[in-house]
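A.B. asks: Take a look at the following structure, please.
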Amino acid sequence: QNIQRWVLIRGFSRGRVVGRDEAGFAECNVFFPGQVPPEGFTQPFHVKICQQYNKEPRFATLYSTKDKIPLYSAFKHTKPSQSEEESWLVEPQIDDPENDLQEMVHEVDIAGTVANLGANQALTSDYVGSGYERGLLNPSLLNEEDFQMATYTLTNAVPLSPSVSKSWHRDIGKVVEQALVPHCSKDHLYLLAGAIPSKARVKGKLSVPETLWLAACCDAPEGWSLGIVKNTNDDNSLADLTVRELEKKLLIGVHLFKGSCGEDNQSQEKTRAILQAVSQVRSGEQARASDSQEAKESGLVRKVAGIIAAPFIKLLELLIYVLVELVKYVFYFLWLVVKRVGGTVLDGVCNLWNGVVSYLKNITMVLISIPYDVGRVIVNIFMGFLRIVEDVAALTYQILRIPVGFVLHLAAFPYHSICAIPSVLKDMANGIGGTFSLVIDATATILHGFYYLACHIVKRFVPKASSDD
């Protein structure tokens, strides 16, 4: 959105610097009665600018490169726009006449491309942190949308304090809407809004105007003219005067309107009506100032009363604090009592509940265990009966088993005895044979031992015979 808005302003909003050899303000002469600009502004540092937007002239400005503020802006009243959007621009050709830029642009868009930028005109940086606002000579609130966009150029702004800027735009808006427009059609109403520079400077560059003025001319058969001045040192100052009287406050030889806009032949009745309307606007401002003063005085009274009442207020605050603390401690004590009593009751209820639950639980377990115990007893009785039967059968078996075994062993004795005789005889023969064999072996062994002993003795003690023997 910002890029699109920049393209709109960059492409269609122009402030053409009019050359000194051109008559007046060129196509912007339409904003002067009879297309004749004011006379007497002939200093070399006075620059004429035809402010344009969407390729149409919107108003004319005479700019002072020495003071870096506009001396006046000439415009015609249009239907005010409901919306107001600020988009501040600068005029490159004021600082660099040889530059190809023929239109107003944003300051950041031409940084480094325009020679001596800010040497002859104000820049946004001159206002930053200065405590002054960019006050419009041609107020945006008196213009419809296209004209309104064209007013936001630094060549149409003078440094004003926030309060003066607000009151200036409010006063001019009311004077034009309530006093001037009702007595002249917009096609014949020409307006000049200007500033008188002072020696005061913003950051040593911009001149702070000492006076703001408005000159109105109704170029009609029953024409009239009027001047309004406002002192920038007083937010509520607003004075009406004739155009000739206003011209005397400006440079020597200045003539704002051609023929003073019929000031000598204007209708006294219409002049009185206009001045009465201006007086009503001024009375409203004075009433507002009076209300402001009363508010300040009442504020002073309230401050003194506050100083006197401060000790009593502090005492009252102390009493209230003590009372609040006392009530707080009482409620805290009651809360402790309720908490203790409630805790005891709750503990008793909880213990009773736990006892009831435990009793019911035990009863339930007993009732549940009765069928189980009965079944277990029946099973034990049955198992005992089976064990008795088993023991009886085992005893009977043992009783019956003894006689049968004895009879069987008795019957088998003769058979085993007769069958054992051959074996016994055989074993006896084997024993006798073995005994004789043992005796013979023992005798042979003894004889062999004696033989070995005899041979050993003979060899030991009998001398050996010679080989011939």
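Ordering of the structure tokens sets the chain letters (A, B, ...); residue numbers start at 1 within each chain; ligands are numbered from 1 in the order shown.
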Per DSSP on the backbone, what are the strand (DSSP E or B) residues of range 54-226 of chain A, as number ranges by chain?
C.D. replies: A: 56-64, 69-75, 89-90, 105, 133-136, 153, 157-160, 189-196, 201-202, 206-207, 211-218, 224-226
A.B. asks: Using only C-alpha atoms, which residues of range 194-308 of chain A come within 7 Å of range 164-181 of chain A, and what is the closest atom pair for each, with the distance in Å to one decimal? Give it as a tab-separated table, sorted by chain and residue number.
C.D. replies:
```
residue	atom	partner	partner_atom	distance
A:Thr232	CA	A:Val164	CA	6.3
A:Asp235	CA	A:Val164	CA	5.2
A:Ile274	CA	A:Ala179	CA	5.5
A:Ala277	CA	A:Ala179	CA	4.9
A:Val278	CA	A:Ala179	CA	5.7
A:Val281	CA	A:Val175	CA	6.6
```
A.B. asks: So that I can check the surroundings of Ala220 in chain A, please list as an MDAnalysis selection string every protein, DNA and RNA residue that reaches within 12 Å of it, counting only C-alpha atoms and ignoring chain neighbours fewer than 3 positions away.
C.D. replies: chainID A and resid 33:34 183:190 217 223:225 261:263 265:267
A.B. asks: Give me the residues near range 114-127 of chain A as a list in words, where near means some atom within 7 Å (using only C-alpha atoms) and where sequence neighbours in that chain fewer than 6 positions away do not count.
C.D. replies: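 Everything that qualifies: Thr65, Lys66, Lys68, Pro92, Ile94, Asp95, Asp96, Asn99, Glu133, Leu154, Lys203 and Leu206 of chain A.
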A.B. asks: Which residue is closest to Ser237 in chain A? Choose from A:Ala74, A:Leu334, A:Leu212, A:Ile307 and count only C-alpha atoms.
C.D. replies: A:Leu212
A.B. asks: Each residue of range 220-326 of chain A with at least one atom at most 7 Å from range 39-60 of chain A should appear once, together with its nearest atom pair and the corresponding distance in Å (one decimal); atoms considered: only C-alpha atoms; ordering: chain, then increasing residue number; output as CSV.
C.D. replies:
```
residue,atom,partner,partner_atom,distance
A:Gly253,CA,A:Gly40,CA,5.2
A:Val254,CA,A:Gly40,CA,4.2
A:His255,CA,A:Glu39,CA,5.1
A:Leu256,CA,A:Glu39,CA,6.5
```
A.B. asks: Using DSSP on the backbone, list every residue of range 58-154 of chain A that comes out as alpha helix (DSSP H), and give them as a PyMOL selection string.
C.D. replies: chain A and resi 92-95+124-127+145-151
A.B. asks: Write a file of the selected residues as an mmCIF file, in the first residue's frame, keeping C-alpha atoms.
C.D. replies:
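Contents of the output file selection05.cif:
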```cif
data_model
loop_
_atom_site.group_PDB
_atom_site.id
_atom_site.type_symbol
_atom_site.label_atom_id
_atom_site.label_comp_id
_atom_site.auth_asym_id
_atom_site.auth_seq_id
_atom_site.Cartn_x
_atom_site.Cartn_y
_atom_site.Cartn_z
ATOM 1 C CA PRO A 92 13.868 19.391 -5.604
ATOM 2 C CA GLN A 93 14.183 22.363 -7.989
ATOM 3 C CA ILE A 94 14.426 24.887 -5.161
ATOM 4 C CA ASP A 95 17.787 23.442 -4.126
ATOM 5 C CA THR A 124 11.623 16.943 7.698
ATOM 6 C CA SER A 125 14.778 16.573 9.770
ATOM 7 C CA ASP A 126 14.611 20.297 10.606
ATOM 8 C CA TYR A 127 11.371 19.695 12.537
ATOM 9 C CA GLU A 145 -9.339 15.448 -1.433
ATOM 10 C CA ASP A 146 -7.147 16.243 -4.469
ATOM 11 C CA PHE A 147 -6.420 19.779 -3.225
ATOM 12 C CA GLN A 148 -5.861 18.420 0.280
ATOM 13 C CA MET A 149 -3.136 16.006 -0.857
ATOM 14 C CA ALA A 150 -1.310 18.877 -2.557
ATOM 15 C CA THR A 151 -1.171 20.940 0.658
#
```
A.B. asks: Within 8 Å of Ser73 in chain A, counting only C-alpha atoms, which residues qualify if same-chain residues fewer than 5 places away don't, as number ranges by chain?
C.D. replies: A: 59-62, 137-138, 156, 192-194
A.B. asks: Using only C-alpha atoms for the distances, tell me which of A:Val366, A:Leu226, A:Val330, A:Leu319 is nearest to Lys270 in chain A.
C.D. replies: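 Once distances to Lys270 in chain A are computed over only C-alpha atoms, the minimum belongs to A:Leu226.
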A.B. asks: Write out as a ChimeraX atom specification the residues lying within 7 Å of Leu142 in chain A, counting only C-alpha atoms and excluding same-chain residues fewer than 4 positions away.
C.D. replies: /A:77-80,173
